[in-house]
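So the structure is just underneath, and the comments pick up after that.
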Amino acid sequence: TVDIRKNMLDLVFVVDNSLTWHEQNLKRNPEHYSFVKYAGAGNLYNLQRKYGACCYCNTMVDLDGRAAKYNVIEVEDLCEDLETWKHAYISGRLHKPVKFILHPHESQTRLCTALSKNLHSAVAVAVLQMPETFTSRDLYVKIAGLSYHGDVRLAVGGEDRNKITNVVDNNMEEFDQLYRPVLRDWFGTGDAVDMDKFTQDVSQHLRFKILKTIPSGLLDAMIRNKGRSMDSTLLLAEMSHDRLRCANAISTGMASIVQTS
């Protein structure tokens, strides 16, 4: 039996006001912070908002005897990342199954909508890179790997090269629960959605239609990678004619986002 308590606990705290949160957390848990705590909550807040993915991370924290790390992000910044993939950081983590300690309240309309949009975007971007027929496992591996494009830790061996497939294989039921409603929207209702194998329309027309739904942050990255100013509609039309070219543009676009987050 594997003792999961030996695994590092990875948490994300979504807060309304990170300045207030850091002020309170510095009083309660100063040992969680590195030397930057001496700069004060205001500078921690500025560091979080101006650099990286609008997150502040405390690592190697002891929580009741268990090693943990946690990110702090404001609700508005999280919503923006879920909607646009500007950083594809927390949004990328939420492509995989996670446990919500506290679910968003139904009154938090933007957050609830953004969480759903993030999953639909993950399926769209993954499907654009899939062949005509594929299994649910193939799709989940592609989705799980989106936020690892360009991750130097995988490239230099700092992470297990089988990490992505292991995440999927060890959590197939959870991936099914997370994505089944989205796949039902994509492939219709009925028994077909419960099958392991899917067949998609790979026509240029549908590929262009799907491309128009990808997150704006990814689209911007794809345009930047062209090395010249280009109308987004023209780029998508160009990409829609060739599946492999489209898949490569998406891959390099995701890599450029991940590398700068």
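Ordering of the structure tokens sets the chain letters (A, B, ...), residue numbers begin anew at 1 in every chain, and ligands are numbered from 1 in the order given.
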Give me every helix (DSSP H, G or I) residue in region 189-253 of chain A, going by DSSP on the backbone, as a PyMOL selection string. chain A and resi 191-194+204-211+216-225+232-240+243-253
Polymer residues at most 7 Å from Cys54 (chain A), only C-alpha atoms, same-chain spacing of 3 or more positions, as a ChimeraX atom specification: /A:48-51,73,77
Pairwise distance, CA of Gln204 (chain A) with CA of Tyr148 (chain A), equals 27.4 Å
Near-region 65-70 of chain A list (12 Å; only C-alpha atoms; drop same-chain fewer than 4 positions) as a PDB file with N, CA and C atoms, in the first residue's frame:
ATOM      1  N   ASP A   3       1.728   4.962   0.826  1.00  0.00           N
ATOM      2  CA  ASP A   3       1.367   5.971   1.821  1.00  0.00           C
ATOM      3  C   ASP A   3       1.401   7.337   1.155  1.00  0.00           C
ATOM      4  N   ILE A   4       0.223   7.880   0.826  1.00  0.00           N
ATOM      5  CA  ILE A   4       0.163   9.144   0.097  1.00  0.00           C
ATOM      6  C   ILE A   4       0.653  10.315   0.937  1.00  0.00           C
ATOM      7  N   ARG A   5       0.744  10.106   2.263  1.00  0.00           N
ATOM      8  CA  ARG A   5       1.235  11.182   3.115  1.00  0.00           C
ATOM      9  C   ARG A   5       2.707  11.487   2.852  1.00  0.00           C
ATOM     10  N   LYS A   6       3.388  10.560   2.164  1.00  0.00           N
ATOM     11  CA  LYS A   6       4.784  10.805   1.816  1.00  0.00           C
ATOM     12  C   LYS A   6       4.910  11.719   0.603  1.00  0.00           C
ATOM     13  N   ASN A   7       3.809  11.889  -0.137  1.00  0.00           N
ATOM     14  CA  ASN A   7       3.816  12.792  -1.295  1.00  0.00           C
ATOM     15  C   ASN A   7       3.646  14.231  -0.825  1.00  0.00           C
ATOM     16  N   MET A   8       4.297  15.148  -1.548  1.00  0.00           N
ATOM     17  CA  MET A   8       4.142  16.551  -1.197  1.00  0.00           C
ATOM     18  C   MET A   8       2.727  17.013  -1.493  1.00  0.00           C
ATOM     19  N   LEU A   9       2.164  17.721  -0.555  1.00  0.00           N
ATOM     20  CA  LEU A   9       0.827  18.294  -0.727  1.00  0.00           C
ATOM     21  C   LEU A   9       0.962  19.610  -1.490  1.00  0.00           C
ATOM     22  N   ASP A  10       0.222  19.733  -2.568  1.00  0.00           N
ATOM     23  CA  ASP A  10       0.314  20.905  -3.438  1.00  0.00           C
ATOM     24  C   ASP A  10      -1.019  21.638  -3.389  1.00  0.00           C
ATOM     25  N   LEU A  11      -1.004  22.836  -2.793  1.00  0.00           N
ATOM     26  CA  LEU A  11      -2.242  23.572  -2.560  1.00  0.00           C
ATOM     27  C   LEU A  11      -2.264  24.878  -3.342  1.00  0.00           C
ATOM     28  N   VAL A  12      -3.468  25.340  -3.637  1.00  0.00           N
ATOM     29  CA  VAL A  12      -3.664  26.660  -4.221  1.00  0.00           C
ATOM     30  C   VAL A  12      -4.728  27.380  -3.401  1.00  0.00           C
ATOM     31  N   PHE A  13      -4.377  28.547  -2.882  1.00  0.00           N
ATOM     32  CA  PHE A  13      -5.326  29.361  -2.149  1.00  0.00           C
ATOM     33  C   PHE A  13      -5.790  30.498  -3.051  1.00  0.00           C
ATOM     34  N   VAL A  14      -7.084  30.534  -3.314  1.00  0.00           N
ATOM     35  CA  VAL A  14      -7.668  31.578  -4.152  1.00  0.00           C
ATOM     36  C   VAL A  14      -8.313  32.596  -3.222  1.00  0.00           C
ATOM     37  N   HIS A  32       6.702  30.050   7.091  1.00  0.00           N
ATOM     38  CA  HIS A  32       6.399  29.543   5.750  1.00  0.00           C
ATOM     39  C   HIS A  32       7.146  30.320   4.670  1.00  0.00           C
ATOM     40  N   TYR A  33       7.585  31.530   4.986  1.00  0.00           N
ATOM     41  CA  TYR A  33       8.204  32.415   3.998  1.00  0.00           C
ATOM     42  C   TYR A  33       9.724  32.349   4.054  1.00  0.00           C
ATOM     43  N   CYS A  55       1.053  34.654  -9.111  1.00  0.00           N
ATOM     44  CA  CYS A  55       0.981  33.753  -7.965  1.00  0.00           C
ATOM     45  C   CYS A  55       2.178  33.996  -7.056  1.00  0.00           C
ATOM     46  N   TYR A  56       1.989  33.732  -5.785  1.00  0.00           N
ATOM     47  CA  TYR A  56       3.120  33.685  -4.863  1.00  0.00           C
ATOM     48  C   TYR A  56       3.156  32.287  -4.276  1.00  0.00           C
ATOM     49  N   CYS A  57       4.324  31.672  -4.291  1.00  0.00           N
ATOM     50  CA  CYS A  57       4.441  30.285  -3.846  1.00  0.00           C
ATOM     51  C   CYS A  57       5.354  30.158  -2.632  1.00  0.00           C
ATOM     52  N   ASN A  58       4.869  29.514  -1.596  1.00  0.00           N
ATOM     53  CA  ASN A  58       5.687  29.112  -0.455  1.00  0.00           C
ATOM     54  C   ASN A  58       5.966  27.622  -0.589  1.00  0.00           C
ATOM     55  N   THR A  59       7.230  27.262  -0.573  1.00  0.00           N
ATOM     56  CA  THR A  59       7.622  25.866  -0.784  1.00  0.00           C
ATOM     57  C   THR A  59       8.198  25.263   0.496  1.00  0.00           C
ATOM     58  N   MET A  60       8.277  23.937   0.514  1.00  0.00           N
ATOM     59  CA  MET A  60       8.863  23.185   1.632  1.00  0.00           C
ATOM     60  C   MET A  60       8.273  23.620   2.971  1.00  0.00           C
ATOM     61  N   VAL A  61       6.963  23.681   3.008  1.00  0.00           N
ATOM     62  CA  VAL A  61       6.241  24.056   4.224  1.00  0.00           C
ATOM     63  C   VAL A  61       5.840  22.791   4.978  1.00  0.00           C
ATOM     64  N   ILE A  90      -1.959  28.133 -13.189  1.00  0.00           N
ATOM     65  CA  ILE A  90      -3.017  27.513 -12.401  1.00  0.00           C
ATOM     66  C   ILE A  90      -4.063  26.906 -13.331  1.00  0.00           C
TER      67      ILE A  90
END
I'd like the neighbourhood of Val75 (chain A) as a VMD selection string, where a residue qualifies if any of its atoms comes within 9 Å (using only C-alpha atoms), though same-chain residues fewer than 2 positions away should be ignored. chain A and resid 14 to 17 73 77 to 80 111
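Residues of region 107-221 of chain A that DSSP places in strand (DSSP E), based on the backbone of this structure, are Thr133, Phe134, Thr135, Lys197, Phe198 and Thr199 of chain A.
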May I have the residues within 10 Å of Leu44 (chain A) as a count of residues only, using only C-alpha atoms and disregarding those fewer than 5 positions away in the same chain? 10
Residues within 9 Å of Lys96 (chain A), only C-alpha atoms, excluding chain neighbours under 3 positions, as an NGL selection string: :A and (92-93 or 140 or 143-144 or 167-168 or 174-175 or 178)
Prev. selection, all heavy atoms, output as a short mmCIF file (atom, residue, chain, number, x, y, z; two decimals), in the first residue's frame:
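Written out: out_21.cif:
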data_model
loop_
_atom_site.label_atom_id
_atom_site.label_comp_id
_atom_site.auth_asym_id
_atom_site.auth_seq_id
_atom_site.Cartn_x
_atom_site.Cartn_y
_atom_site.Cartn_z
N GLY A 92 -3.47 25.52 -16.09
CA GLY A 92 -2.89 24.25 -16.51
C GLY A 92 -3.02 23.18 -15.45
O GLY A 92 -3.28 22.01 -15.75
N ARG A 93 -2.84 23.55 -14.21
CA ARG A 93 -3.02 22.58 -13.14
C ARG A 93 -4.46 22.08 -13.09
O ARG A 93 -4.72 20.91 -12.79
CB ARG A 93 -2.67 23.20 -11.78
CG ARG A 93 -1.19 23.54 -11.63
CD ARG A 93 -0.87 23.96 -10.23
NE ARG A 93 0.55 24.25 -10.08
CZ ARG A 93 1.17 24.28 -8.92
NH1 ARG A 93 0.50 24.02 -7.81
NH2 ARG A 93 2.45 24.56 -8.85
N TYR A 140 -6.61 12.33 -22.79
CA TYR A 140 -6.24 12.80 -21.46
C TYR A 140 -4.73 13.04 -21.35
O TYR A 140 -4.30 13.99 -20.68
CB TYR A 140 -6.68 11.80 -20.40
CG TYR A 140 -8.17 11.57 -20.32
CD1 TYR A 140 -8.70 10.38 -19.81
CD2 TYR A 140 -9.08 12.54 -20.76
CE1 TYR A 140 -10.06 10.17 -19.74
CE2 TYR A 140 -10.45 12.32 -20.70
CZ TYR A 140 -10.93 11.13 -20.19
OH TYR A 140 -12.29 10.92 -20.12
N ILE A 143 -4.12 16.33 -22.96
CA ILE A 143 -4.58 17.42 -22.10
C ILE A 143 -3.64 17.62 -20.92
O ILE A 143 -3.23 18.75 -20.61
CB ILE A 143 -6.01 17.13 -21.58
CG1 ILE A 143 -7.02 17.25 -22.73
CG2 ILE A 143 -6.38 18.06 -20.45
CD1 ILE A 143 -8.42 16.80 -22.35
N ALA A 144 -3.26 16.53 -20.28
CA ALA A 144 -2.39 16.62 -19.11
C ALA A 144 -1.03 17.21 -19.46
O ALA A 144 -0.36 17.82 -18.62
CB ALA A 144 -2.21 15.24 -18.47
N VAL A 167 0.38 10.35 -14.46
CA VAL A 167 -0.73 11.14 -13.91
C VAL A 167 -2.06 10.63 -14.45
O VAL A 167 -3.03 10.47 -13.71
CB VAL A 167 -0.55 12.64 -14.24
CG1 VAL A 167 -1.84 13.41 -13.98
CG2 VAL A 167 0.58 13.24 -13.42
N VAL A 168 -2.09 10.35 -15.76
CA VAL A 168 -3.32 9.88 -16.39
C VAL A 168 -3.65 8.45 -15.96
O VAL A 168 -4.78 8.15 -15.54
CB VAL A 168 -3.23 9.98 -17.92
CG1 VAL A 168 -4.46 9.34 -18.58
CG2 VAL A 168 -3.09 11.43 -18.35
N GLU A 174 -10.87 9.59 -12.40
CA GLU A 174 -11.05 11.01 -12.09
C GLU A 174 -11.07 11.85 -13.37
O GLU A 174 -11.83 12.82 -13.48
CB GLU A 174 -9.94 11.49 -11.15
CG GLU A 174 -10.04 10.96 -9.73
CD GLU A 174 -9.54 9.53 -9.59
OE1 GLU A 174 -8.98 8.98 -10.57
OE2 GLU A 174 -9.71 8.96 -8.49
N PHE A 175 -10.22 11.49 -14.35
CA PHE A 175 -10.25 12.20 -15.63
C PHE A 175 -11.59 12.00 -16.32
O PHE A 175 -12.15 12.94 -16.90
CB PHE A 175 -9.11 11.72 -16.54
CG PHE A 175 -7.83 12.47 -16.40
CD1 PHE A 175 -6.83 12.01 -15.56
CD2 PHE A 175 -7.61 13.65 -17.09
CE1 PHE A 175 -5.64 12.71 -15.41
CE2 PHE A 175 -6.43 14.37 -16.96
CZ PHE A 175 -5.44 13.89 -16.11
N LEU A 178 -14.15 14.19 -14.72
CA LEU A 178 -13.93 15.61 -15.00
C LEU A 178 -14.34 15.97 -16.41
O LEU A 178 -14.96 17.02 -16.64
CB LEU A 178 -12.45 15.94 -14.79
CG LEU A 178 -12.02 17.41 -14.91
CD1 LEU A 178 -12.70 18.26 -13.84
CD2 LEU A 178 -10.49 17.52 -14.78
#
Residues near region 247-257 of chain A, cut-off 7 Å, only C-alpha atoms, skip fewer than 3 positions along chain, as a list in words: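 My list of contacting residues is His87, Ala88, Leu128, Gln129, Leu146, His149, Gly150, Leu218, Ala221, Met222, Asn225, Arg243, Leu244, Thr260 and Ser261 of chain A.
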Looking at A:Asn118, A:Asn43, A:Ser107, A:Ser203, which one is nearest to Trp85 (chain A), with distances taken over only C-alpha atoms?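 Checking each of A:Asn118, A:Asn43, A:Ser107, A:Ser203 against Trp85 (chain A), counting only C-alpha atoms, the winner is A:Asn118.
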With only C-alpha atoms as the atoms that count, which of A:Glu74, A:Gln24, A:Val127, A:Asn29 lies nearest to Thr199 (chain A)?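 Going through A:Glu74, A:Gln24, A:Val127, A:Asn29 one by one, the smallest distance to Thr199 (chain A) is for A:Val127.
Proximity to Ala53 (chain A) was assessed for A:Asp81, A:Leu139, A:Phe35, A:Leu102 counting only C-alpha atoms; the smallest distance is recorded for A:Asp81.
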Selected residue, from A:Leu94, A:Cys246, A:Pro181, A:Ile223, that lies nearest to Phe208 (chain A) when counting only C-alpha atoms: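 Among the listed residues, the smallest separation from Phe208 (chain A) belongs to A:Cys246.
Distances here use only C-alpha atoms; by that measure, the residue among A:Arg110, A:Arg207, A:Arg137, A:Arg228 closest to Asn170 (chain A) is A:Arg137.
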For CA of Thr113 (chain A) and CA of Gly188 (chain A), determine how far apart the two atoms are, in Å to one decimal place. 21.0 Å
Point out the residue among A:Pro30, A:Gly52, A:Pro97, A:Gly42 with the least atom-to-atom distance to Gln177 (chain A), counting only C-alpha atoms.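 Smallest distance to Gln177 (chain A) is found for A:Pro97.
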I'd like the interatomic distance between CA of Thr135 (chain A) and CA of Lys197 (chain A), to a tenth of an Å. 4.3 Å
